[in-house]
Every structure is written in C-alpha cells, then in structure tokens.
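Trainee: Let me give you the structure first, and then I'll get to my questions.
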Amino acid sequence: MNRLFKSSKGKESTNTDVISNKRILTVEVIEAKQIKACHKNATSDPFGKICLINSTSDKEIANESFKLSKKSGTVDPVWNEKFEFGHKYELTNPEYMPNLNITLYHKGYMDPSEKSLGKIEVTLNDISVNVVDKWYTIKPDGRADKISGEIHLRLSFNKDIETEEEDNEDQECEDTQVDEQTSLLIDQEESDDLTATVDSDPNTLDIFLIRARNLAALDKTFLMGKTTSSDPFVRFRIPGFSDQVSAVKEKNLNPEWREHFRFEGVTNSSLSLDVSVYDKDKISKKFIGKVFLKVTDFTNKSKKWYTLLSKSGASSTTELGEIELEIHWYWDPKVAAVLREKKFKIDNKISTKIFKTINSFTGNVEDAENDEMEYDDGPSDEVPPENPEEKKKKEEEIATKTKELSEIDIKSGDYQVLVHIIEARDLKAENIDNTSDPIVYIHCLEQKQSTKVIRGVTNCVFDDLHIFNFPNLDKESFNEGFIRCEVRDAMTITVPGFKGTMIGAYTIDAAQVYQMNKDHEFYRQWVPLMDDEEASDTGVQGFLKITIQIIGPGEKVKVHDEDADRAKEIEAESKAGNDVSSLVASVPMIRKEWKYLVVNIYRLEGLPVMDGKQVGGIVGAKTDAFCELAFAGGRPLKTKIVTVSGDSRLAINPHFNAQLWYPVSYPTMTQVIKIGVYDDDSSRIGPEIKELIGFIMEKMNNVCKKSGKSEIPPRWYNIYGAPEFKQAKAAENLIKGVKEISRVVNKTLIGSVDWYSYYNNVPEKASSYKGRALLAFKVVSEDQKPKRKDAKSSKDKEPEVAPFRMKIKSLKIEPKTKKYVLQALVICGTDLPAMSEIPKVSYHNLSVVISMGVFDKPSNGAQFKEGLCTWNQFIKTPPLEFPQDLEQIPDIFVYLVKTSSPNKPLSFARIKPVVGKDKNMKTIGFLRPAEWVLLQEDKSIDALETGQFPGSILIKLGFGLESESKSVEADWNKLLDEEVKHKNSYQMRVHVFQAANLPSADNNGLSDPFVKVYYNGEHHKVDYVRKTLFPSWNQTVLFNDVTIPVNFDYAPQVVFKVYDHNDLSPNHTYLGTFAVQLKDAEITEDENILPQNLKDPKWYNIFKEVPNDTHGKVLVSIQLIPQTFRKVMNTKKENLPSIVPDTCKAYIELIALGIRDLEPFNFQAMQAPFLELELNSFGTIYLSSTGISKKPNPSNPNFLEKITMEVKLPLKSIYATSLQIRARDTRLGGFLKPVVGVGVIDLSSKLPWCEDTYIEPQKDNFTPVETIGGDIPIEATENTIPGTNTDEISMKVKELRNKKEDILSDNFIATAEPLPLTDLIHARTKEEDSGAGVFGALNHINLSKKVQKKEIEYADLTVEEEEKDSPPAWKVGRKILDSELENELVTTPFETY
C-alpha cells in the first residue's frame, strides 16, 4: 500500500511503506488569521513546524514532524496543506497518546534569526474518525509576548482506538493471507521478527565512529621502556552478526576516524552493541577499553561521548579514555523486504522440528506461539448437571445460614484465639531418607508461636494447644488479621532469620473464622498444605488437622466431647479408605470468584552472565533467561526463553514483552507473588535444568489496592542474590563447575547451609545486585479475559479457568528517569581481614568499591597493616540514569576487595539510598556525615577464614541528582584536604577496666580472658585473668605519638578484641570484638591526672561478626594528651597513674528463698542442690554459699537463708562488678559438685551511696488505707488486691477462722470445713507469676501432701505434730508471727534471678 500526502511545498509524495492497518491521524492546515505582525507595514512572513509531542516528557517524537511552507507579507496566511501522522509512532494507546503541536515562526529576508509567532497544542484523545473542523487560538510559547491570532484545522483518524482483542483478530486475518502451509514452517522467534518488520519496528543499526580522546598508552619506547602511545582501532560486535572493524590510527591517543558502519537485520531488542578499543601490535592486539550500549537506546539518533570501561564492563581505577559515537536504530523498508524474503526460504528440515500443535500449556520454551494465547486446557470430562431439587435445597440452606451468620457482629475488645495443632499426614519428604522433620509455626495477628519438632516422619501427631491473647483489640485490626499455620522442615543447623524449608502452609482470615458459625470455631478440620515459597513445589504438599477457636468480648469457649468426635473421625476415615484428601475441609459461606492476576513482563536489564565460556571457545558467554510466575502453590507459568550472548552483564538485557494471566480464587488466602528469574540449563549436563538468578516479590494486597479502572503503570523491580563469576575464562569455569557440584553434594549429604541458594532465595539478605525487571501487575475479573479466536470445535474450546500467556507490544513510555551521581569519601578501615601473599610476611593491598546497579567505582589500593588501611580518596561515578521514583532505585553496595581482584568481594555492606531535601531545602543525599560501616562476610564466596572479622570502613557516602553533586564537590574536596589529611600528634592512653558476662570457652564453663587493643597499625594487650567470666583488669594501654585528623569524625577507630588464653597453643580462642570512635575520647592537658577526675568510662557490648551474635561487655575509656602539653614524656605504662577505682567497705545482705524447675544435668536428676555466690571485686574474690536442700524436692529446693558478705565495693556504680550466682548439685556424697545453672545480680543499682543509680529493693504493691471523719480506718471497697485482707479470698479465710472458733466450743460438731490453702496462695500471687515473694515461691511447690496433712490436723484437733523439721539457723531467736509474712510487710522485697 502506498500512502499519499502533500508536503509543506504542496507537492504529492509517495512512500513505499508496508503498513498493516495502522491508526493514522490526518491533519489539514487550512489557514490562519490575525497573527502577530512583525514588519513595519503590519505584515509577517509566517511558516511553521507541525509535530507530535510526548504528553509526559514534552519532547518531540522522532520521525513524526513536518514543515508548513512560508507565506510572505501577510497576517492571514492560507496553506491548505495536509499531513499524516502515525506511520512511525503508534497512536493506538490512549494512555500514551501524544499531543499535536504547531508552532509558527517569522523570518524576514534580512532578519538574522527566527521570531516566534506562538503555538497551538491539540489533545489527540479528543479526536476520532469524525472530522473535527475548528479554529484554535494561538498561545505564547514562552519566547515572545503579545501573541495573537487563530489557526483553522481539520483533524480526523482513519479508525477509532481498538481493543487488544480486535488487534489480535486483525493480525490473525492478516496472517491468513500468507500461504497456510508455509506459515506453519515459521519458527516462533522468526514469526516475532516478521511481525516486527510489518509493524515498522527498527531493523537497521547505523554507527558513525567520530573520534576518541585521552586513550590509554600501551606501546613502550625502545630505550626508556615507558608507555607513551598506542595504535588504536575499534571493533563493533553484535551477537549473531559479523564483527566490523575500523582503521588503525598509528601513534595517536586522540584519533579521529569519521567512519560509518551498518548492521542490517537487527530486530531483536534484547541485543547490545559491544564497542571495544584495541591497540594494534605487529602480532597481536592489546585491550584498551570498551563500552556496552543497548540498541533500544537509539530509536532516536544520538551523538554522545562514552567513557571506556574495563574488559568486564566495570569502572577502571585508571583512565582508559573516551569515544564519541553517533548511533541510530531505525526501520529500513529495503532491509524489511530482504528479511521477509529470507523468512519464506527457511529450510523444510529445520521447520519440521519446530512445527508443533499446542494441545496443552506446558510453559516450555519449545512451545510454538503461533496463537496469541496459550492455555492449560486440562481434562475434557464434562460435569453432570445438578439435580434441581438438590440445588433448591442447597440454596435454602445457604439462605438460612446467611441469615444466621449475618447477625454475628465483630466488636472491639479482648480476644483470645486457641489454635490446636492436632495431626499431620502425607507431608512432603525433605530429607534424603524420604522423611521430614516437621515443625509448625503459627502466625496469629502479629503474634508467633511454634510446636515441637518431630524427627524423621511424614505422618505425625502434635497435639499442641497454643493460646494467643489480644487485650483491647480494635475491630479494624481484627478484620485485617489472619491465622497462618506453616509446616516446615526443621534445620539441623540454626540460621538466624531462616526457619527451615517450607513444606506447606494454610492461611485463613481471623474474621472468616469468627463469622463461620455461631461458635466462632473451625473445629478439627483437615486442611491442605500449599507451598507458596518454592515455585517448583506445586500442588498439595500434605494435610494438617487443626482447630481454631476465637473467644470474643464477653464470650465463652464451646466445650466438645472430643472422644465422641474422635470416634466419628475414625469411622469417616475408614469409609474413605484412609484417604485424608477426601476429608479436607471446605470452608462454608466463602463466596469465591475467579479473577486473573495479570503480569506484564517487558524486559530485564543487567542480568549476570550465567553460562560462561567453554573450553575451546566453541560456546561463548551467554544467559538463557526466562521468568516464572508462582502464586499460591500452583503450577508456575513461564515466559519463553530469550538467549542473550555477551561476556558482560551490560550486554545481558533480554526483552520478553509477554503478558502472563494467572487464575486466582478470590478472596485468596495467599499474599506473596513471586516471579523467579532463571537461566535455562536444559542443554547442559548438570544437577539442575534451570538455575535461579533471583526472585522478585510483590504482595497481592498491594496489587489489589492499585488495580482499578486505569492501567497500573509499569515500574522497575530490582533483583538481588548471590554474586556470579561465570564470565571468566574457560579454565576457571571448569573449576567453578567442580565447586558447584561440591556445593550441591554438601547441601544434600552433609546438610550444611547453601549460602548461594540462601542469598538467591532471600533477597533482603543478598550480597549482590543481579539486575532489574520492568513489570506491571494488575488483578482483573474473569470476564475481562481476552477470548481465543481459533476455537473450531468443542475440543478446542478454551477452558473456563486456566493460566495462559500472550504477547504484548513493546512499551512506548517508560518510567520517568533522572540523572544521579554516587560519590564517596573513602577514608580508612579498621579490623580488616588480612589477605596474605606470604603468611605474616606480605599482604595484599585492599580497595573499596562503591556499587549501584550495574555501575561501580573502585578506590585505589591501600597497604594493609595490622588490620588498618588508609585511603583518604574521593571517588565518584559518572552520571547514572535511574527512575525518578525512589522505590525503584537499587540499593548501594560497599565492597572490600583485594586490589588485584576487584570483582570478587571479601566482605560487603548494603545501604538504602537517601535523596531529596530537608525542611531547609538542603540536599539530604550529600549531607550525610561520615560513618563507620560494619561489613559482613559474603558467605557464598567464603573468602574469609573461620572466625575472621570482615572489618569496618569509615566512609562518607553521597547520592543525589547530578546538579546537586556538582554543587557540593568542592566542599567535599576541601573537607578531605583540611579535616582528614591535616593531623595532630597525641599520646593515647586506653584504660581497660573490667568485663562482664563473657562467653565461656573452657570445659569448666569459664574463660581466661584478655584484651588486645589495635590502633593505626599498632597493637598492645592487657594481661589475662584466669577462670572467670567477670574479669577485672584495671590496666592502661599506651600508644605514643599517634597522629589523628583535626576532625575526630574522620579518625580510625580503636579496636578491641577479646580472647580466651590457651596455655598449650599460640592460637587463642576469639570471644568477640568492639570498636570505640575517638570522638568519644577525653582530651586532657595534664598527663598525671587521676582517674577519678576523668569522665566515667562506658560499657561496650562485644560481638563476633554482627551485633548481638554473642554476649558480654567491656568497660573502657580513652584519654588523649596533645604533644604540645606534655613536658616530660611518660612512655612506659609503669609510670602512669593507677586507674583502680576508689572503694569502700560494705556488706551485701540477701535472702535466698529457693530455686525452681531445675532440669536434669548430664542425664541425671538433681540430688542435693545448693547456691554458691561469688564476687570478684578488684582482684579480690569473695565466696559464700547456702546449705543443701531437697525440700520440697531436689528440682525445686527451698533454702530460706539469709547470707551476709563483707566486701569492698566502688564509690561509683559504673565500676560495680556483678554478683555471680551458681547453682551446684551435690553428687557421690559430695565428691562431685557440678555447676548446673548460673545467674548474675547487677550491683550497679544496689549501691545506696550512688543516688543517681540506686534503686530501692522494695516497692509498694498494696492499696492504701483510707480514713473517714477521724482516725477510724476503713478498708477500700474497690480495686482490692489479693494479699491485703480485703479481697474475696481473705474475707473467706476470716469467715473460716471465725467458724473454727465456733467449732471449738461446739461439742456436737466432730469435723470442720478445711482451709482452702491453695486458693489462698493463688489469690495472693500477682497476676503474672514471677516466682517472687513467699506466695510466689509457694505457688511452685506441690502442696497436695501438706494440704492433706493440714486438713487432717484441722479436722481432728487431737492429732499431734509428727516429724517436725529442726528450725533453720535464720529462724532461731526470731519472732513467730501469727499472720503471714506478706500481711506484716508494707512492701515486697523479693526479686527473681
């Protein structure tokens, strides 16, 4: 078809463009009137430009613009010129519809420049097939004032906007014009290319190589051996096309080529252009630098300078130079004709291998996609029609039930949820022996509990009842809450944050259970378990029998006859042939409907190279990428596989343009939507046929909230996981293959944690950016599903509900982007890992790499010395193009690397970017202070030795807009020169006082701890103390003549490492570490100042790798003395003042009531336990102990002893050591006294002379007495507390005592009502029983025998006491109270440890 139109000169022109039913806009510019006059004679010489403008970016759309001819000497020009738009840009999507822009200009014969006469802008969404004939007012365009006039236009489209269904139908009609048999021979990929050709998608890449500058010099001079020049040439490479090479420019670091190159047939939008610059030698070539460019970036002609990168595509520490290119990717009709002819000449032998009939959806790449939609048709069995009478009966039952349940109202108040985990059946086997180790995690309205672990089973009985209390729960929170039971395979080795492999889960809303029936329960029901985490585990993974009961405000739980119910269940199971699946509960009254989760997958960018080079170079580096949608444990839905070749991640940018339709039973019980990105390894011999790259997570609730009438705009989702190093040499890839097999063997046979898989499956913990995906999610109703047009028989009829995929057009308007910059001041690092070339002799230099997305920037290498590296370098990335939406921007990674291997991190840190401005309009991203970043080991690489600390780095990070970066760069460099590099000299004294609660490292449950102190490449240590977890050192470590930056914020940290001393080995046991910043140090002019005149020291918690991974703390302080104030140099610590704190004589008095719930020790029950107390106060050890006790039983002994210890305690509470409590058991007649339990009492809050920290041990817990009109007290009548003689139980006791007195004087009554002692104890115990107090202790004692004995004594007053125990020492000489101790004391002094 030819299209005809008049040009701006009024002549007809033709274009042999093959168009396929496009939507064309016809614009006829008829005339204008009363436009602005620019000549003195009140006329103008108007001409104009008419074009399409992007409605969001206000940029002109390429290849859609024309010129209006010039009309001289008039303000009422007449044109009558016609133009057509839409041949290059699709005008079919109302969301991305551009605007029509006409700008008028004046340029006289002698005028040097053009003058604006104004513009008009027409919204094309208002134009249809009906001709719009209208005058439009000319408006200012910002370049001229006093604009006037109007323009007369006629506008119309050749057709209205069609739905996607109509587009598909039109395309199918077009396809039928091609010979039917020949069309079947066309491969799906090639069919895609043919469609692209017909739709005028780009097919030709033109490259104009202009010049280069500042190239790296690689040629050495003959005499001096210096590199002074290069002989550069450029190679252009696109996978699947022949390389094209430029001319060689000899001895030129700033060459100019001006050569043209063309690649015809470039239709795959996933391709990238590899531009590599080499230095030509006589025999070989040397690599200078390269740049990777996506062809999709050049649909509009672009002329630009590009910075050359290293061979891997990463930034280089040295400048490699720049290259200037002009590139255009466009549609050429001649090339399109050649491609079409080539398609029809495909060899029959090849086409027969591709030809397939799609009977069912398989999700494999081999599926031919001749149909726009692919279904999972499922079984063809027809369901028999339902009996009308049964149907009517069901409807009546539903109506009755609905009326009954409609009366249930959810209220705010106190709720209690009972979850009874009864039994599990037919669980999926996770172990090698076809068993699992199931444990059930219950998530109930933000609370979590778990059952016990049962080892080596697939069928098991838990019978665990879990109670969840929710006081003052509001109605909204209850409605949003859910109850989820996760059955997992328990891990052999506990990993923080990882609960084990998911077997299956069941989720139900709390409101759904509450409104299910009038009893608010889901009683003894079998439920199916679905794995909503692992996409490969489809279908039911087992069954779980549960009961859920919800007790609302003012309600009582329903009591069932479980024996009768169990008998009915056994009978039902026997009738079902023990097939649990037939007994699975169908929750009543859930009105469900089918909806579709629709995911548009446009393209992925920056994926890692997953298939490295093979031996011999036969197979190059590539990635066979595909995506897999998994939801609610169903069968995953896959895209086709797109193979992209390239030896750098910058080249791995697969385009899918696929739409996945996944049916969802709504409302759904599952929230997690997972899209896995995989590399297909079906053709490779290995343990798996697909390799996970990473997961993209989205929440169903988020999608449902955003889904409405309008289309949800696409957004970028970042992918994180374990790093990949497969773009290496062929020999290295062989080694990696062996390691991969070893990793799988270790995971399967040994059960060790596979950190590579862990990072890939848990993106939040991952150590590497692995690309990003452009996706759009929405949820639509079933009636919005597109219809399949090719159904010719009943067998071909599409299923009512089935997953399918279909092709969509490329995205025209993408998320808005901005230019950002990532920069950093890399100052220093402490406690860094030693990477030895020769152990303890030579070490590798270390560098820091800042990385964001696919872009990274390394620092220079720094020498390693005693864990310290100093860089003091400002580094900055080139402008980075990221989305304007902050949620779509990737995280920042900071890597510590060997300078010789910058691509393999030793340790890393992951930081969220911060951009924007504060309330004072200051840029936040570049105002962040320098901070110490704690690194963590990348355990998937495992570059550090066991117990080796990953280090800390002092870095000032900045991230923000490019314009903002330029405004602060000078300040950053000034800061580096004036505050970081400028230093002063000090003597540093590190005071190490004591430690508390250190980890035990020896068999005796103790340690022999000492501390090493590191600063500025130097270290010293304090002496070790034997057999204690609470050592007191009180020693000073001296660092003479240290240089510290003027601003202490940029000084290295002082690092402390705590070890357990080993007499027989030079390798001492590492207990933990911590660091102190010098800004916390105290500067003093007097070097002989006494410690009591210094600031108080601080306690610092120790850790091994990450905070809170161990226990213990150390008390230290740091003193700095400037060199200018020191008259006499004290360089020996023997001459320094003592730092032992001042002490005083004191007494510790405590009452030991008893111990509760002692567990067996070494498989033997307790025999005769006792308590041992120890206080290590400034080198003196004070010991005391209770006597042994077996009463009431050895596991719950009562001591009831008062212990007084005469000790020395510090005058300041900060120095107070803890009182250690050890429970020992007496065995073998006292020959063995093993420690069976330990505890501590912190004395810092017990020193009465320290008013700022002292806490009185007694607190008033009783209701005060009130008086009325005088001195006569009356008891409070409201809010009475058990134990105050005013509560119900106390009044009952009084009544019984009065009754007892009556009984004693009554000769006719033989026995009396016994005293309810247990009720009395429970009533006088706090609501939350902590074991404190006399009654708290008695509450844990078996009183049945004592109560029985008391009841006998009470009944028969003549019974004499037998087997009275001799009173303990503390009781001798003390007053015997008539009432209970609790009734005599105003306060309760007891505490629980």
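Identifiers for the structure tokens are assigned positionally: chains receive A, B, ... in sequence, residues are indexed from 1 per chain, and ligands are indexed from 1 in the order shown.
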Give me, as an NGL selection string, all polymer residues having an atom no more than 10 Å from Glu264 in chain A, counting only C-alpha atoms and skipping those fewer than 3 positions away in the same chain.

Mentor: :A and (202-206 or 241 or 267 or 329 or 331-332 or 334-336 or 338-339)

Trainee: Any chance you can output those residues with C-alpha atoms as a short mmCIF file (atom, residue, chain, number, x, y, z; two decimals), in the first residue's frame?

Mentor:
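out.cif, freshly written:
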```cif
data_model
loop_
_atom_site.label_atom_id
_atom_site.label_comp_id
_atom_site.auth_asym_id
_atom_site.auth_seq_id
_atom_site.Cartn_x
_atom_site.Cartn_y
_atom_site.Cartn_z
CA PRO A 202 13.63 -0.92 13.81
CA ASN A 203 15.76 -3.35 11.78
CA THR A 204 18.94 -1.43 10.98
CA LEU A 205 21.68 -0.03 13.23
CA ASP A 206 23.81 2.77 11.83
CA PHE A 241 26.42 -10.67 13.31
CA THR A 267 15.39 -6.64 15.03
CA TRP A 329 18.43 2.24 15.23
CA TRP A 331 13.36 0.89 10.22
CA ASP A 332 14.58 0.48 6.64
CA LYS A 334 14.63 -2.36 1.89
CA VAL A 335 16.04 -4.34 4.75
CA ALA A 336 12.49 -5.35 5.73
CA VAL A 338 15.09 -8.77 2.40
CA LEU A 339 14.11 -10.15 5.80
#
```

Trainee: For range 527-531 of chain A, work out the shell of residues within 6 Å, counting only C-alpha atoms and skipping chain neighbours fewer than 4 positions away, then give it as a list in words.

Mentor: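 Listed by chain and then number, they are Gly504, Ala505, Tyr506, Val540, Gln541, Gly542, Phe543, Leu544, Val584, Ala585 and Gly633 of chain A.
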
Trainee: Please, could you write that set of residues out with N, CA and C atoms as an mmCIF file, in the first residue's frame?

Mentor:
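Now in result-v4.cif:
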```cif
data_model
loop_
_atom_site.group_PDB
_atom_site.id
_atom_site.type_symbol
_atom_site.label_atom_id
_atom_site.label_comp_id
_atom_site.auth_asym_id
_atom_site.auth_seq_id
_atom_site.Cartn_x
_atom_site.Cartn_y
_atom_site.Cartn_z
ATOM 1 N N GLY A 504 4.606 -26.759 53.625
ATOM 2 C CA GLY A 504 3.329 -26.246 53.161
ATOM 3 C C GLY A 504 2.692 -25.369 54.218
ATOM 4 N N ALA A 505 1.733 -24.577 53.805
ATOM 5 C CA ALA A 505 1.097 -23.638 54.725
ATOM 6 C C ALA A 505 -0.390 -23.548 54.422
ATOM 7 N N TYR A 506 -1.116 -23.105 55.433
ATOM 8 C CA TYR A 506 -2.551 -22.851 55.284
ATOM 9 C C TYR A 506 -2.850 -21.547 55.998
ATOM 10 N N VAL A 540 -0.711 -29.937 46.406
ATOM 11 C CA VAL A 540 -0.833 -30.151 47.845
ATOM 12 C C VAL A 540 0.422 -30.845 48.357
ATOM 13 N N GLN A 541 1.015 -30.290 49.414
ATOM 14 C CA GLN A 541 2.255 -30.829 49.984
ATOM 15 C C GLN A 541 2.012 -31.617 51.263
ATOM 16 N N GLY A 542 0.760 -31.869 51.601
ATOM 17 C CA GLY A 542 0.423 -32.604 52.815
ATOM 18 C C GLY A 542 -0.876 -32.073 53.405
ATOM 19 N N PHE A 543 -1.247 -32.653 54.541
ATOM 20 C CA PHE A 543 -2.502 -32.258 55.189
ATOM 21 C C PHE A 543 -2.262 -32.046 56.675
ATOM 22 N N LEU A 544 -3.008 -31.107 57.253
ATOM 23 C CA LEU A 544 -2.875 -30.765 58.661
ATOM 24 C C LEU A 544 -4.262 -30.693 59.278
ATOM 25 N N VAL A 584 -10.800 -33.250 53.365
ATOM 26 C CA VAL A 584 -10.336 -31.872 53.507
ATOM 27 C C VAL A 584 -11.522 -30.941 53.629
ATOM 28 N N ALA A 585 -11.388 -29.987 54.540
ATOM 29 C CA ALA A 585 -12.494 -29.082 54.834
ATOM 30 C C ALA A 585 -12.759 -28.139 53.681
ATOM 31 N N GLY A 633 1.106 -21.612 45.496
ATOM 32 C CA GLY A 633 1.494 -23.007 45.385
ATOM 33 C C GLY A 633 1.066 -23.678 44.111
#
```

Trainee: To test your reading of the structure, identify every residue in range 884-998 of chain A that backbone DSSP assigns to alpha helix (DSSP H), and report it as an NGL selection string.

Mentor: :A and (962-975)

Trainee: How would the residues just picked look written out with all heavy atoms as an mmCIF file, in the first residue's frame?

Mentor:
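Result went into out24.cif, see below:
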```cif
data_model
loop_
_atom_site.group_PDB
_atom_site.id
_atom_site.type_symbol
_atom_site.label_atom_id
_atom_site.label_comp_id
_atom_site.auth_asym_id
_atom_site.auth_seq_id
_atom_site.Cartn_x
_atom_site.Cartn_y
_atom_site.Cartn_z
ATOM 1 N N GLU A 962 22.535 14.889 39.660
ATOM 2 C CA GLU A 962 23.829 15.306 39.111
ATOM 3 C C GLU A 962 24.108 16.775 39.407
ATOM 4 O O GLU A 962 25.234 17.151 39.759
ATOM 5 C CB GLU A 962 23.838 15.048 37.603
ATOM 6 C CG GLU A 962 25.142 15.404 36.915
ATOM 7 C CD GLU A 962 25.065 15.186 35.410
ATOM 8 O OE1 GLU A 962 23.953 14.909 34.901
ATOM 9 O OE2 GLU A 962 26.109 15.306 34.753
ATOM 10 N N SER A 963 23.094 17.612 39.290
ATOM 11 C CA SER A 963 23.283 19.041 39.549
ATOM 12 C C SER A 963 23.657 19.298 41.007
ATOM 13 O O SER A 963 24.479 20.169 41.309
ATOM 14 C CB SER A 963 22.006 19.802 39.190
ATOM 15 O OG SER A 963 20.895 19.294 39.935
ATOM 16 N N GLU A 964 23.071 18.545 41.916
ATOM 17 C CA GLU A 964 23.378 18.696 43.335
ATOM 18 C C GLU A 964 24.793 18.232 43.641
ATOM 19 O O GLU A 964 25.478 18.792 44.496
ATOM 20 C CB GLU A 964 22.360 17.923 44.172
ATOM 21 C CG GLU A 964 20.931 18.412 44.019
ATOM 22 C CD GLU A 964 19.920 17.473 44.645
ATOM 23 O OE1 GLU A 964 20.333 16.353 45.031
ATOM 24 O OE2 GLU A 964 18.737 17.832 44.749
ATOM 25 N N SER A 965 25.236 17.202 42.945
ATOM 26 C CA SER A 965 26.591 16.690 43.161
ATOM 27 C C SER A 965 27.643 17.735 42.804
ATOM 28 O O SER A 965 28.634 17.914 43.516
ATOM 29 C CB SER A 965 26.804 15.421 42.332
ATOM 30 O OG SER A 965 28.147 15.025 42.335
ATOM 31 N N LYS A 966 27.430 18.428 41.723
ATOM 32 C CA LYS A 966 28.396 19.440 41.299
ATOM 33 C C LYS A 966 28.498 20.564 42.324
ATOM 34 O O LYS A 966 29.570 21.135 42.529
ATOM 35 C CB LYS A 966 27.987 19.997 39.941
ATOM 36 C CG LYS A 966 28.101 18.983 38.800
ATOM 37 C CD LYS A 966 27.632 19.582 37.482
ATOM 38 C CE LYS A 966 27.731 18.556 36.353
ATOM 39 N NZ LYS A 966 27.238 19.102 35.053
ATOM 40 N N SER A 967 27.389 20.889 42.988
ATOM 41 C CA SER A 967 27.391 21.999 43.944
ATOM 42 C C SER A 967 28.133 21.673 45.233
ATOM 43 O O SER A 967 28.531 22.579 45.956
ATOM 44 C CB SER A 967 25.945 22.405 44.269
ATOM 45 O OG SER A 967 25.275 21.345 44.937
ATOM 46 N N VAL A 968 28.335 20.387 45.550
ATOM 47 C CA VAL A 968 28.988 20.016 46.810
ATOM 48 C C VAL A 968 30.373 19.414 46.595
ATOM 49 O O VAL A 968 31.085 19.166 47.570
ATOM 50 C CB VAL A 968 28.121 19.007 47.605
ATOM 51 C CG1 VAL A 968 26.768 19.602 47.925
ATOM 52 C CG2 VAL A 968 27.969 17.696 46.860
ATOM 53 N N GLU A 969 30.770 19.181 45.352
ATOM 54 C CA GLU A 969 32.046 18.505 45.102
ATOM 55 C C GLU A 969 33.222 19.294 45.661
ATOM 56 O O GLU A 969 34.150 18.721 46.252
ATOM 57 C CB GLU A 969 32.220 18.265 43.606
ATOM 58 C CG GLU A 969 33.462 17.455 43.274
ATOM 59 C CD GLU A 969 33.511 17.034 41.811
ATOM 60 O OE1 GLU A 969 32.468 17.105 41.127
ATOM 61 O OE2 GLU A 969 34.597 16.640 41.355
ATOM 62 N N ALA A 970 33.208 20.608 45.499
ATOM 63 C CA ALA A 970 34.304 21.436 46.013
ATOM 64 C C ALA A 970 34.379 21.357 47.540
ATOM 65 O O ALA A 970 35.476 21.289 48.121
ATOM 66 C CB ALA A 970 34.115 22.881 45.561
ATOM 67 N N ASP A 971 33.217 21.352 48.196
ATOM 68 C CA ASP A 971 33.200 21.256 49.657
ATOM 69 C C ASP A 971 33.764 19.916 50.113
ATOM 70 O O ASP A 971 34.472 19.850 51.135
ATOM 71 C CB ASP A 971 31.776 21.434 50.175
ATOM 72 C CG ASP A 971 31.237 22.825 49.902
ATOM 73 O OD1 ASP A 971 32.054 23.751 49.750
ATOM 74 O OD2 ASP A 971 30.001 22.977 49.831
ATOM 75 N N TRP A 972 33.451 18.856 49.402
ATOM 76 C CA TRP A 972 33.958 17.531 49.773
ATOM 77 C C TRP A 972 35.476 17.471 49.641
ATOM 78 O O TRP A 972 36.166 16.932 50.505
ATOM 79 C CB TRP A 972 33.295 16.456 48.916
ATOM 80 C CG TRP A 972 31.916 16.085 49.363
ATOM 81 C CD1 TRP A 972 30.925 16.940 49.751
ATOM 82 C CD2 TRP A 972 31.368 14.771 49.478
ATOM 83 N NE1 TRP A 972 29.789 16.243 50.085
ATOM 84 C CE2 TRP A 972 30.040 14.911 49.931
ATOM 85 C CE3 TRP A 972 31.856 13.500 49.231
ATOM 86 C CZ2 TRP A 972 29.207 13.822 50.140
ATOM 87 C CZ3 TRP A 972 31.039 12.413 49.443
ATOM 88 C CH2 TRP A 972 29.724 12.570 49.900
ATOM 89 N N ASN A 973 36.013 18.010 48.571
ATOM 90 C CA ASN A 973 37.459 18.008 48.385
ATOM 91 C C ASN A 973 38.157 18.877 49.430
ATOM 92 O O ASN A 973 39.240 18.540 49.914
ATOM 93 C CB ASN A 973 37.814 18.497 46.976
ATOM 94 C CG ASN A 973 37.552 17.431 45.921
ATOM 95 O OD1 ASN A 973 37.906 16.262 46.095
ATOM 96 N ND2 ASN A 973 36.910 17.824 44.826
ATOM 97 N N LYS A 974 37.514 19.985 49.785
ATOM 98 C CA LYS A 974 38.074 20.848 50.822
ATOM 99 C C LYS A 974 38.081 20.120 52.162
ATOM 100 O O LYS A 974 39.054 20.206 52.918
ATOM 101 C CB LYS A 974 37.245 22.134 50.909
ATOM 102 C CG LYS A 974 37.759 23.133 51.933
ATOM 103 C CD LYS A 974 36.898 24.391 51.940
ATOM 104 C CE LYS A 974 37.389 25.370 52.988
ATOM 105 N NZ LYS A 974 36.527 26.592 53.029
ATOM 106 N N LEU A 975 37.001 19.425 52.454
ATOM 107 C CA LEU A 975 36.929 18.647 53.691
ATOM 108 C C LEU A 975 38.035 17.595 53.734
ATOM 109 O O LEU A 975 38.673 17.384 54.769
ATOM 110 C CB LEU A 975 35.547 17.991 53.789
ATOM 111 C CG LEU A 975 35.204 17.178 55.031
ATOM 112 C CD1 LEU A 975 33.695 17.249 55.278
ATOM 113 C CD2 LEU A 975 35.601 15.728 54.886
#
```

Trainee: Could you pull the residues within 7 Å of range 472-483 of chain A, counting only C-alpha atoms, minus those fewer than 6 positions along the same chain, as a list in words?

Mentor: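 Residues near the query, excluding close chain neighbours: Ile410, Lys411, Ser412, Gly413, Asp414, Tyr415, His443, Cys444, Leu445, Thr507, Ile508, Asp509, Ala510 and Ala511 of chain A.
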
Trainee: As an mmCIF file with C-alpha atoms, in the first residue's frame, please: the residues near Thr870 in chain A (cut-off 8 Å, only C-alpha atoms, same-chain neighbours under 6 positions excluded).

Mentor:
```cif
data_model
loop_
_atom_site.group_PDB
_atom_site.id
_atom_site.type_symbol
_atom_site.label_atom_id
_atom_site.label_comp_id
_atom_site.auth_asym_id
_atom_site.auth_seq_id
_atom_site.Cartn_x
_atom_site.Cartn_y
_atom_site.Cartn_z
ATOM 1 C CA ILE A 827 38.773 7.438 54.475
ATOM 2 C CA CYS A 828 40.028 4.344 56.290
ATOM 3 C CA GLY A 829 39.181 0.869 57.514
ATOM 4 C CA ALA A 862 45.919 0.804 50.244
ATOM 5 C CA GLN A 863 48.617 -1.006 52.190
#
```

Trainee: Quick one: distance from CA of Val1235 in chain A to CA of Asn1193 in chain A in Å, one decimal?

Mentor: 18.3 Å

Trainee: Tell me, in Å to one decimal, how far CA of Gly552 in chain A is from CA of Gln515 in chain A.

Mentor: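 Pair CA of Gly552 in chain A / CA of Gln515 in chain A returns 11.4 Å.
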